[in-house]
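target-v9.pdb, holding PDB, C-alpha atoms and all ligand atoms:
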ATOM      1  CA  MET A 899     143.773 101.166 157.611
ATOM      2  CA  VAL A 900     143.737 100.984 153.870
ATOM      3  CA  GLY A 901     142.988  97.829 152.080
ATOM      4  CA  MET A 902     139.523  96.537 151.438
ATOM      5  CA  GLU A 903     139.207  98.048 147.973
ATOM      6  CA  ILE A 904     142.774  97.434 146.956
ATOM      7  CA  ALA A 905     143.858  95.094 144.233
ATOM      8  CA  VAL A 906     147.324  93.610 144.476
ATOM      9  CA  ARG A 907     149.185  91.745 141.804
ATOM     10  CA  LEU A 908     152.501  90.109 142.548
ATOM     11  CA  THR A 909     154.711  88.391 139.996
ATOM     12  CA  ASN A 910     158.110  86.846 140.699
ATOM     13  CA  THR A 911     158.088  88.408 144.154
ATOM     14  CA  THR A 912     158.942  87.351 147.700
ATOM     15  CA  VAL A 913     156.852  88.615 150.610
ATOM     16  CA  SER A 914     158.689  87.658 153.782
ATOM     17  CA  GLY A 915     158.948  88.638 157.422
ATOM     18  CA  ASN A 916     156.023  91.078 157.582
ATOM     19  CA  THR A 917     153.885  91.449 160.694
ATOM     20  CA  VAL A 918     150.572  93.125 161.338
ATOM     21  CA  GLU A 919     149.278  93.623 164.847
ATOM     22  CA  GLY A 920     145.936  94.631 166.274
ATOM     23  CA  ILE A 921     142.403  93.440 166.699
ATOM     24  CA  ILE A 922     141.502  93.427 163.033
ATOM     25  CA  ALA A 923     144.990  92.571 161.890
ATOM     26  CA  TRP A 924     144.441  90.228 159.003
ATOM     27  CA  GLY A 925     146.783  89.266 156.241
ATOM     28  CA  GLY A 926     150.336  89.474 157.565
ATOM     29  CA  GLY A 927     151.858  89.261 154.109
ATOM     30  CA  ILE A 928     149.104  90.460 151.808
ATOM     31  CA  PHE A 929     145.755  92.035 152.609
ATOM     32  CA  ALA A 930     143.606  93.024 149.673
ATOM     33  CA  ARG A 931     140.192  92.836 148.181
ATOM     34  CA  ASN A 932     141.530  91.271 145.035
ATOM     35  CA  ALA A 933     144.898  89.539 145.131
ATOM     36  CA  ARG A 934     146.637  87.900 142.213
ATOM     37  CA  ILE A 935     149.800  86.034 143.198
ATOM     38  CA  GLU A 936     151.883  84.568 140.384
ATOM     39  CA  ASP A 937     155.227  82.751 140.594
ATOM     40  CA  SER A 938     155.780  84.221 144.043
ATOM     41  CA  THR A 939     156.744  83.113 147.549
ATOM     42  CA  VAL A 940     154.866  84.296 150.648
ATOM     43  CA  THR A 941     156.448  83.006 153.851
ATOM     44  CA  GLY A 942     157.440  84.007 157.372
ATOM     45  CA  ASN A 943     154.646  86.554 157.788
ATOM     46  CA  THR A 944     152.559  86.904 160.934
ATOM     47  CA  ALA A 945     149.131  88.253 161.846
ATOM     48  CA  GLU A 946     146.352  87.648 164.323
ATOM     49  CA  ARG A 947     144.360  86.017 161.546
ATOM     50  CA  ALA A 948     145.553  84.910 158.111
ATOM     51  CA  GLY A 949     149.304  85.125 158.585
ATOM     52  CA  GLY A 950     150.113  84.902 154.891
ATOM     53  CA  VAL A 951     147.312  86.162 152.674
ATOM     54  CA  SER A 952     143.831  87.522 153.268
ATOM     55  CA  ALA A 953     141.676  88.460 150.302
ATOM     56  CA  HIS A 954     138.141  88.451 149.025
ATOM     57  CA  GLU A 955     138.997  87.376 145.518
ATOM     58  CA  LEU A 956     142.159  85.392 145.244
ATOM     59  CA  THR A 957     144.067  83.954 142.330
ATOM     60  CA  ILE A 958     147.208  81.987 143.080
ATOM     61  CA  SER A 959     149.276  80.389 140.347
ATOM     62  CA  GLY A 960     152.735  78.873 140.488
ATOM     63  CA  SER A 961     153.287  80.141 144.015
ATOM     64  CA  ILE A 962     154.264  79.039 147.503
ATOM     65  CA  ILE A 963     152.236  80.255 150.490
ATOM     66  CA  ALA A 964     153.769  78.488 153.471
ATOM     67  CA  GLY A 965     155.503  78.985 156.787
ATOM     68  CA  ASN A 966     153.297  81.888 157.853
ATOM     69  CA  THR A 967     151.759  82.036 161.320
ATOM     70  CA  ALA A 968     148.557  83.394 162.846
ATOM     71  CA  GLU A 969     147.630  83.775 166.479
ATOM     72  CA  LEU A 970     144.004  82.783 165.974
ATOM     73  CA  ASP A 971     143.350  81.049 162.686
ATOM     74  CA  TYR A 972     144.205  80.619 159.002
ATOM     75  CA  PRO A 973     148.014  80.461 159.241
ATOM     76  CA  ASP A 974     148.667  80.725 155.499
ATOM     77  CA  VAL A 975     145.578  81.722 153.506
ATOM     78  CA  ARG A 976     142.103  83.053 154.106
ATOM     79  CA  PHE A 977     139.721  84.235 151.431
ATOM     80  CA  VAL A 978     136.075  85.097 151.142
ATOM     81  CA  GLY A 979     134.388  84.609 147.832
ATOM     82  CA  VAL A 980     136.188  83.514 144.720
ATOM     83  CA  ALA A 981     139.509  81.710 144.642
ATOM     84  CA  SER A 982     141.444  80.061 141.892
ATOM     85  CA  VAL A 983     144.536  78.086 142.817
ATOM     86  CA  SER A 984     146.777  76.228 140.392
ATOM     87  CA  HIS A 985     150.281  74.719 140.478
ATOM     88  CA  SER A 986     150.773  76.151 143.953
ATOM     89  CA  LEU A 987     151.755  74.960 147.398
ATOM     90  CA  ILE A 988     149.836  75.942 150.523
ATOM     91  CA  GLY A 989     151.741  74.811 153.583
ATOM     92  CA  ASP A 990     148.959  74.763 156.165
ATOM     93  CA  THR A 991     145.249  74.646 155.352
ATOM     94  CA  SER A 992     144.156  74.726 158.995
ATOM     95  CA  ASP A 993     140.821  76.481 159.558
ATOM     96  CA  MET A 994     139.923  76.456 155.866
ATOM     97  CA  ALA A 995     136.506  74.935 155.218
ATOM     98  CA  GLN A 996     136.560  71.435 153.795
ATOM     99  CA  VAL A 997     134.594  72.608 150.774
ATOM    100  CA  VAL A 998     137.357  75.129 150.063
ATOM    101  CA  ILE A 999     140.081  72.527 150.458
ATOM    102  CA  ASP A1000     138.175  70.212 148.147
ATOM    103  CA  ALA A1001     137.909  72.973 145.562
ATOM    104  CA  ILE A1002     141.643  73.667 145.697
ATOM    105  CA  ASN A1003     142.376  69.960 145.479
ATOM    106  CA  ALA A1004     140.214  69.877 142.369
ATOM    107  CA  GLY A1005     142.446  72.531 140.815
ATOM    108  CA  VAL A1006     145.473  71.625 138.747
ATOM    109  CA  GLY A1007     148.798  70.676 140.281
ATOM    110  CA  ASN A1008     148.324  71.929 143.837
ATOM    111  CA  LEU A1009     150.165  70.647 146.908
ATOM    112  CA  LEU A1010     148.446  71.151 150.257
ATOM    113  CA  ASP A1011     149.830  70.715 153.761
ATOM    114  CA  VAL A1012     153.381  69.917 152.719
ATOM    115  CA  ASP A1013     156.670  71.586 153.648
ATOM    116  CA  PRO A1014     158.188  73.404 150.645
ATOM    117  CA  LEU A1015     161.707  73.127 152.162
ATOM    118  CA  LEU A1016     162.614  76.797 151.893
ATOM    119  CA  GLY A1017     165.979  78.191 152.899
ATOM    120  CA  PRO A1018     166.184  81.376 154.976
ATOM    121  CA  LEU A1019     165.765  84.773 153.349
ATOM    122  CA  ALA A1020     169.227  85.304 151.915
ATOM    123  CA  ASP A1021     171.286  86.745 149.128
ATOM    124  CA  ASN A1022     171.030  83.923 146.631
ATOM    125  CA  GLY A1023     172.216  86.078 143.747
ATOM    126  CA  GLY A1024     170.514  88.883 141.868
ATOM    127  CA  PRO A1025     169.587  92.300 143.254
ATOM    128  CA  THR A1026     167.090  91.124 145.888
ATOM    129  CA  MET A1027     166.929  88.535 148.647
ATOM    130  CA  THR A1028     165.042  85.295 148.162
ATOM    131  CA  HIS A1029     164.161  82.048 149.884
ATOM    132  CA  ALA A1030     165.970  79.293 148.002
ATOM    133  CA  LEU A1031     164.322  75.955 147.398
ATOM    134  CA  LEU A1032     166.410  73.361 149.229
ATOM    135  CA  PRO A1033     167.349  70.025 147.652
ATOM    136  CA  GLY A1034     164.354  67.696 147.643
ATOM    137  CA  SER A1035     161.798  70.486 147.771
ATOM    138  CA  PRO A1036     158.436  69.344 146.370
ATOM    139  CA  ALA A1037     158.183  72.747 144.640
ATOM    140  CA  ILE A1038     161.077  71.902 142.294
ATOM    141  CA  ASP A1039     159.772  71.332 138.748
ATOM    142  CA  ALA A1040     156.210  71.441 140.107
ATOM    143  CA  GLY A1041     154.953  74.529 138.269
ATOM    144  CA  ASP A1042     152.816  74.536 135.151
ATOM    145  CA  PRO A1043     154.524  72.154 132.685
ATOM    146  CA  ALA A1044     153.205  74.293 129.813
ATOM    147  CA  PHE A1045     154.780  77.497 131.165
ATOM    148  CA  VAL A1046     157.348  79.080 128.851
ATOM    149  CA  GLY A1047     157.244  82.740 129.999
ATOM    150  CA  PRO A1048     157.073  85.593 130.479
ATOM    151  CA  PRO A1049     158.584  86.065 132.905
ATOM    152  CA  TYR A1050     161.741  84.528 131.465
ATOM    153  CA  ALA A1051     163.740  84.995 134.663
ATOM    154  CA  ASP A1052     163.116  84.213 138.303
ATOM    155  CA  GLN A1053     163.126  86.980 140.933
ATOM    156  CA  ARG A1054     166.920  87.014 140.885
ATOM    157  CA  GLY A1055     167.079  87.508 137.134
ATOM    158  CA  TYR A1056     168.269  83.926 136.659
ATOM    159  CA  TYR A1057     166.919  81.694 133.909
ATOM    160  CA  ARG A1058     163.356  80.672 134.703
ATOM    161  CA  VAL A1059     162.361  77.365 133.179
ATOM    162  CA  VAL A1060     165.163  75.022 134.213
ATOM    163  CA  ASP A1061     165.431  71.290 134.862
ATOM    164  CA  GLY A1062     165.724  71.053 138.636
ATOM    165  CA  ASP A1063     165.232  67.331 139.209
ATOM    166  CA  GLY A1064     167.662  66.007 136.631
ATOM    167  CA  ASP A1065     165.122  64.314 134.367
ATOM    168  CA  MET A1066     166.337  66.422 131.415
ATOM    169  CA  THR A1067     162.966  68.147 131.141
ATOM    170  CA  ALA A1068     162.988  71.860 131.873
ATOM    171  CA  ARG A1069     159.986  72.879 133.969
ATOM    172  CA  ILE A1070     159.273  75.946 136.065
ATOM    173  CA  ASP A1071     159.317  75.662 139.857
ATOM    174  CA  MET A1072     156.687  76.968 142.211
ATOM    175  CA  GLY A1073     157.618  80.267 143.860
ATOM    176  CA  ALA A1074     159.925  83.174 143.049
ATOM    177  CA  PHE A1075     163.153  81.132 143.017
ATOM    178  CA  GLU A1076     164.186  78.698 140.287
ATOM    179  CA  TYR A1077     166.210  75.827 141.704
ATOM    180  CA  ALA A1078     169.560  74.962 140.055
ATOM    181  CA  SER A1079     169.373  77.971 137.768
ATOM    182  CA  VAL A1080     172.170  80.359 136.875
ATOM    183  CA  ALA A1081     172.653  84.004 135.997
ATOM    184  CA  PRO A1082     172.201  84.748 132.303
ATOM    185  CA  LEU A1083     175.084  84.457 129.884
ATOM    186  CA  PRO A1084     176.649  87.881 129.296
ATOM    187  CA  GLY A1085     174.941  89.207 126.202
ATOM    188  CA  ASP A1086     171.833  87.025 126.480
ATOM    189  CA  GLY A1087     169.418  89.900 126.904
ATOM    190  CA  ASN A1088     166.254  88.046 125.966
ATOM    191  CA  LEU A1089     167.098  85.095 128.231
ATOM    192  CA  ASP A1090     166.637  82.383 125.640
ATOM    193  CA  HIS A1091     169.967  80.676 126.484
ATOM    194  CA  PHE A1092     171.598  81.857 123.247
ATOM    195  CA  VAL A1093     173.649  84.950 122.479
ATOM    196  CA  ASP A1094     172.661  85.891 118.977
ATOM    197  CA  GLY A1095     171.306  88.611 116.739
ATOM    198  CA  LEU A1096     168.135  88.993 118.745
ATOM    199  CA  ASP A1097     170.217  90.160 121.683
ATOM    200  CA  TYR A1098     171.924  92.668 119.441
ATOM    201  CA  LEU A1099     168.520  94.034 118.454
ATOM    202  CA  LEU A1100     167.586  94.334 122.098
ATOM    203  CA  TRP A1101     170.818  96.211 122.833
ATOM    204  CA  ALA A1102     170.205  98.525 119.882
ATOM    205  CA  GLU A1103     166.669  99.266 121.010
ATOM    206  CA  LEU A1104     167.776 100.091 124.554
ATOM    207  CA  TYR A1105     170.915 102.009 123.586
ATOM    208  CA  GLU A1106     171.477 104.965 125.908
ATOM    209  CA  GLU A1107     168.715 103.776 128.207
ATOM    210  CA  ASP A1108     168.951 105.508 131.572
ATOM    211  CA  ARG A1109     168.873 103.049 134.407
ATOM    212  CA  ALA A1110     167.910 105.781 136.856
ATOM    213  CA  ALA A1111     164.480 105.805 135.256
ATOM    214  CA  ASP A1112     163.932 102.144 136.114
ATOM    215  CA  PRO A1113     162.503 100.841 139.380
ATOM    216  CA  PRO A1114     165.175  99.892 141.924
ATOM    217  CA  GLY A1115     166.563  96.436 141.383
ATOM    218  CA  ALA A1116     165.032  95.989 137.970
ATOM    219  CA  PRO A1117     167.475  94.390 135.576
ATOM    220  CA  LEU A1118     168.340  96.497 132.595
ATOM    221  CA  ARG A1119     168.393  94.248 129.589
ATOM    222  CA  GLY A1120     171.016  95.313 127.141
ATOM    223  CA  ASP A1121     173.359  96.347 129.949
ATOM    224  CA  TYR A1122     175.588  93.390 129.296
ATOM    225  CA  ASN A1123     178.490  94.551 131.474
ATOM    226  CA  ASP A1124     176.149  95.535 134.328
ATOM    227  CA  ASP A1125     177.507  99.063 134.761
ATOM    228  CA  GLY A1126     174.118 100.785 134.735
ATOM    229  CA  VAL A1127     174.105 102.157 131.215
ATOM    230  CA  VAL A1128     173.560 100.678 127.798
ATOM    231  CA  ASP A1129     176.365 101.815 125.572
ATOM    232  CA  GLY A1130     179.117 100.683 123.254
ATOM    233  CA  LEU A1131     180.852  98.642 125.958
ATOM    234  CA  ASP A1132     177.807  96.383 126.054
ATOM    235  CA  TYR A1133     178.082  95.877 122.327
ATOM    236  CA  LEU A1134     181.626  94.614 122.918
ATOM    237  CA  VAL A1135     180.385  92.150 125.556
ATOM    238  CA  TRP A1136     177.737  90.934 123.140
ATOM    239  CA  GLY A1137     180.350  90.530 120.421
ATOM    240  CA  GLU A1138     182.711  88.585 122.682
ATOM    241  CA  ASN A1139     179.946  86.168 123.631
ATOM    242  CA  PHE A1140     178.265  85.920 120.256
ATOM    243  CA  GLU A1141     177.046  82.382 119.553
ATOM    244  CA  ALA A1142     177.543  81.293 123.170
ATOM    245  CA  SER A1143     174.817  79.088 124.542
ATOM    246  CA  ILE A1144     173.971  77.223 127.692
ATOM    247  CA  THR A1145     172.363  73.799 127.648
ATOM    248  CA  ALA A1146     170.434  71.532 129.956
ATOM    249  CA  LEU A1147     173.649  69.631 130.621
ATOM    250  CA  ALA A1148     175.293  72.793 131.893
ATOM    251  CA  PHE A1149     172.402  73.292 134.269
ATOM    252  CA  ALA A1150     172.794  69.742 135.536
ATOM    253  CA  ARG A1151     176.410  70.489 136.496
ATOM    254  CA  VAL A1152     175.349  73.662 138.264
ATOM    255  CA  GLN A1153     172.728  71.721 140.155
ATOM    256  CA  ALA A1154     175.356  69.362 141.546
ATOM    257  CA  ILE A1155     177.455  72.296 142.757
ATOM    258  CA  THR A1156     174.420  73.988 144.256
ATOM    259  CA  GLU A1157     173.553  70.938 146.294
ATOM    260  CA  SER A1158     177.028  70.719 147.761
ATOM    261  CA  VAL A1159     177.056  74.288 149.037
ATOM    262  CA  THR A1160     173.473  74.785 150.111
ATOM    263  CA  ALA A1161     174.253  74.024 153.726
ATOM    264  CA  ASN A1162     176.690  76.920 153.771
ATOM    265  CA  LEU A1163     174.140  79.606 152.966
ATOM    266  CA  HIS A1164     174.341  82.257 155.641
ATOM    267  CA  VAL A1165     171.274  83.358 157.522
ATOM    268  CA  ALA A1166     170.401  86.843 156.379
ATOM    269  CA  GLU A1167     168.612  89.656 158.125
ATOM    270  CA  THR A1168     164.915  88.918 158.196
ATOM    271  CA  SER A1169     163.507  91.635 160.430
ATOM    272  CA  VAL A1170     161.344  94.395 159.067
ATOM    273  CA  ALA A1171     162.243  98.029 159.589
ATOM    274  CA  ALA A1172     161.074  99.097 163.024
ATOM    275  CA  ASP A1173     160.115 102.555 161.833
ATOM    276  CA  GLY A1174     157.106 101.140 160.054
ATOM    277  CA  ALA A1175     158.236 102.472 156.715
ATOM    278  CA  ALA A1176     155.802 101.237 154.119
ATOM    279  CA  ASP A1177     157.842 100.569 151.056
ATOM    280  CA  VAL A1178     155.595  99.437 148.261
ATOM    281  CA  ALA A1179     156.667  96.210 146.687
ATOM    282  CA  PHE A1180     157.340  96.736 143.067
ATOM    283  CA  VAL A1181     156.600  94.229 140.423
ATOM    284  CA  TRP A1182     158.599  94.218 137.292
ATOM    285  CA  ARG A1183     158.097  92.121 134.308
ATOM    286  CA  ALA A1184     160.236  92.161 131.239
ATOM    287  CA  VAL A1185     158.205  91.202 128.248
ATOM    288  CA  PHE A1186     159.961  90.294 125.090
ATOM    289  CA  GLY A1187     158.633  89.486 121.689
ATOM    290  CA  GLN A1188     158.387  86.040 120.267
ATOM    291  CA  GLN A1189     161.276  84.685 118.313
ATOM    292  CA  ASP A1190     162.110  81.343 116.877
ATOM    293  CA  ARG A1191     165.375  79.480 116.690
ATOM    294  CA  ASP A1192     165.548  79.797 112.930
ATOM    295  CA  GLY A1193     166.351  83.440 113.372
ATOM    296  CA  ARG A1194     163.016  84.870 112.377
ATOM    297  CA  ASP A1195     162.421  87.830 114.601
ATOM    298  CA  GLU A1196     158.813  88.528 115.364
ATOM    299  CA  GLY A1197     159.613  91.658 117.285
ATOM    300  CA  VAL A1198     161.415  92.641 120.420
ATOM    301  CA  GLY A1199     159.914  94.872 123.044
ATOM    302  CA  ARG A1200     159.526  95.162 126.744
ATOM    303  CA  GLY A1201     157.292  96.555 129.395
ATOM    304  CA  ARG A1202     156.741  96.420 133.087
ATOM    305  CA  ASP A1203     153.866  95.927 135.430
ATOM    306  CA  PHE A1204     153.946  98.346 138.297
ATOM    307  CA  PRO A1205     152.137  97.671 141.518
ATOM    308  CA  THR A1206     148.501  98.413 141.922
ATOM    309  CA  SER A1207     149.059  98.384 145.663
ATOM    310  CA  GLU A1208     149.405 101.442 147.848
ATOM    311  CA  PRO A1209     151.184 101.541 151.184
ATOM    312  CA  MET A1210     149.007  99.824 153.729
ATOM    313  CA  THR A1211     149.245  99.171 157.402
ATOM    314  CA  HIS A1212     151.589  96.381 156.392
ATOM    315  CA  HIS A1213     155.314  96.851 156.391
ATOM    316  CA  TRP A1214     156.006  96.103 152.804
ATOM    317  CA  ARG A1215     159.523  94.974 152.155
ATOM    318  CA  ARG A1216     160.782  95.697 148.718
ATOM    319  CA  VAL A1217     162.089  92.352 147.581
TER     320      VAL A1217
HETATM  321 CA    CA O1301     162.582  73.909 137.475
HETATM  322 CA    CA O1302     169.466  85.505 123.616
HETATM  323 CA    CA O1303     176.718  98.717 130.268
END

Any chance you could give the structure as structure tokens?
Ligand SMILES: [Ca+2]
Ligand SMILES: [Ca+2]
Ligand SMILES: [Ca+2]
Amino acid sequence: MVGMEIAVRLTNTTVSGNTVEGIIAWGGGIFARNARIEDSTVTGNTAERAGGVSAHELTISGSIIAGNTAELDYPDVRFVGVASVSHSLIGDTSDMAQVVIDAINAGVGNLLDVDPLLGPLADNGGPTMTHALLPGSPAIDAGDPAFVGPPYADQRGYYRVVDGDGDMTARIDMGAFEYASVAPLPGDGNLDHFVDGLDYLLWAELYEEDRAADPPGAPLRGDYNDDGVVDGLDYLVWGENFEASITALAFARVQAITESVTANLHVAETSVAADGAADVAFVWRAVFGQQDRDGRDEGVGRGRDFPTSEPMTHHWRRV
């Protein structure tokens, strides 16, 4: 078993359907000495103890840890030592000491012992499967109200800070999935809802970028026609969509459509590979420079965080 000295950092990631078995099988979803879970969803994992997450030092922000199961105790979360929890939902605090629960309650914006109303693991758009937030989920618009990004997209690559409850105020959701969001406008490489000169600069910077060098599933900004390379065809897409924008009102219309079709989402495969293959979850993060709407460009760049985790006894599902 590997794990006690490992640090894991997840951003915009779903950890779903993992199982660990055995006498010291702790942490069905995540088992680490130091775990940092940001804007992520951990659900449907199983272990003897601590079905969702087991860690010594634990930081959870903007995340959902719910719907995990344990044979003995701590269905969702167990930690020893330091924990910081903010703007997150923990579905079942059973077996956690009252002093710990009190400390989490004293944190900012947490929801304890409530059902996040997650859909099944499914293709909800984007390159990877996610658990959608269902209409009425308490996680909708329940993230940090001050959050503006990065990340600027949810796990699917859809716009991140979106008004999900119709109050005309855009606010990030808890978890890896942004409710009522949409795929980016073609040409909107920096995900600011406008197709403008900044997106041209991004395309120019990434021109001839080789997608094969990127981690699987990572969106390639600048690839505006989604054919895997950044070339002159993407410039044409940018030009065709120049000055397009998407507004909060557009999102409100999308929300209404989303609610009418949610019941038709198909149930996707949720089992983990039986061969025990330990695919390491990758974490990508596109980081762009700050710009303002007056057109002043303060720089455009990008980078990615790669996992600090190594294959463990867990069956990591790349999500
Ligand atoms: Ca939202
Ligand atoms: Ca843009
Ligand atoms: Ca392209």

Report task. Go through the shown structure with the PyMOL selection byres (((not hetatm)) within 7 of (chain O and resi 1301)) and write out the matching residues as an MDAnalysis selection string. Result -> chainID A and resid 1038:1039 1059:1062 1068:1071 1076:1077

**Report entry** Test item: residues no farther than 12 Å from ligand CA 1303 (chain O), counting only C-alpha atoms and all ligand atoms, as a count of residues only
**Finding:** 30

Report task. Using all atoms listed in the file, find each protein or nucleic acid residue lying at most 9 Å from ligand CA 1302 (chain O); present the set as a PyMOL selection string. Result -> chain A and resi 1083+1085-1098+1143

Report task. List the residues selected by the PyMOL selection byres (((chain A and resi 1018) around 7) and not hetatm) in the file shown, writing them as number ranges by chain. Result -> A: 1016-1017, 1019-1020, 1029, 1165

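Take the PyMOL selection byres (((chain A and resi 1013) around 10) and not hetatm) and apply it to this file: it picks Ile962, Ala964, Gly965, Leu987, Ile988, Gly989, Asp990, Leu1009, Leu1010, Asp1011, Val1012, Pro1014, Leu1015, Leu1016, Ser1035, Pro1036 and Ala1037 of chain A.
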
Padded axis-aligned box of range 1040-1048 of chain A (3 Å per side), centre and edge lengths, Å, one decimal, as JSON:
{"center_x": 155.1, "center_y": 78.5, "center_z": 134.5, "size_x": 10.5, "size_y": 20.2, "size_z": 17.3}

Report task. Could you tell me which of A:Thr909, A:Thr944, A:Asn1003, A:Thr1028 comes closest to Pro973 in chain A if we count only C-alpha atoms? Result -> A:Thr944

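Going from CA of Ala968 in chain A over to CA of Asp993 in chain A, you cover 10.9 Å.
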
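Using only C-alpha atoms, the nearest neighbour of Met994 in chain A within the list A:Ser914, A:Asp971, A:Trp924, A:Ser961 is A:Asp971.
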
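The closest residue to Arg976 in chain A, picked from A:Gly1073, A:Asp937, A:Ala1078, A:Gly926 and counting only C-alpha atoms, is A:Gly926.
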
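CA of Ala1040 in chain A to CA of Asp1063 in chain A spans 10.0 Å [interatomic distance, one decimal].
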
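Note that the spacing between CA of Gly960 in chain A and CA of Ile935 in chain A amounts to 8.2 Å.
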
Requested in this report: Dump as JSON, numbers by chain all residues having an atom at most 9 Å from (142.3, 91.6, 141.1), computed in the file's coordinates with all atoms listed in the file.
Outcome: {"A": [904, 905, 906, 907, 930, 931, 932, 933, 934, 955, 956, 957]}

Requested in this report: Could you tell me which of A:Ile1144, A:Val940, A:Ala948, A:Val998 comes closest to Ala923 in chain A if we count only C-alpha atoms?
Outcome: A:Ala948
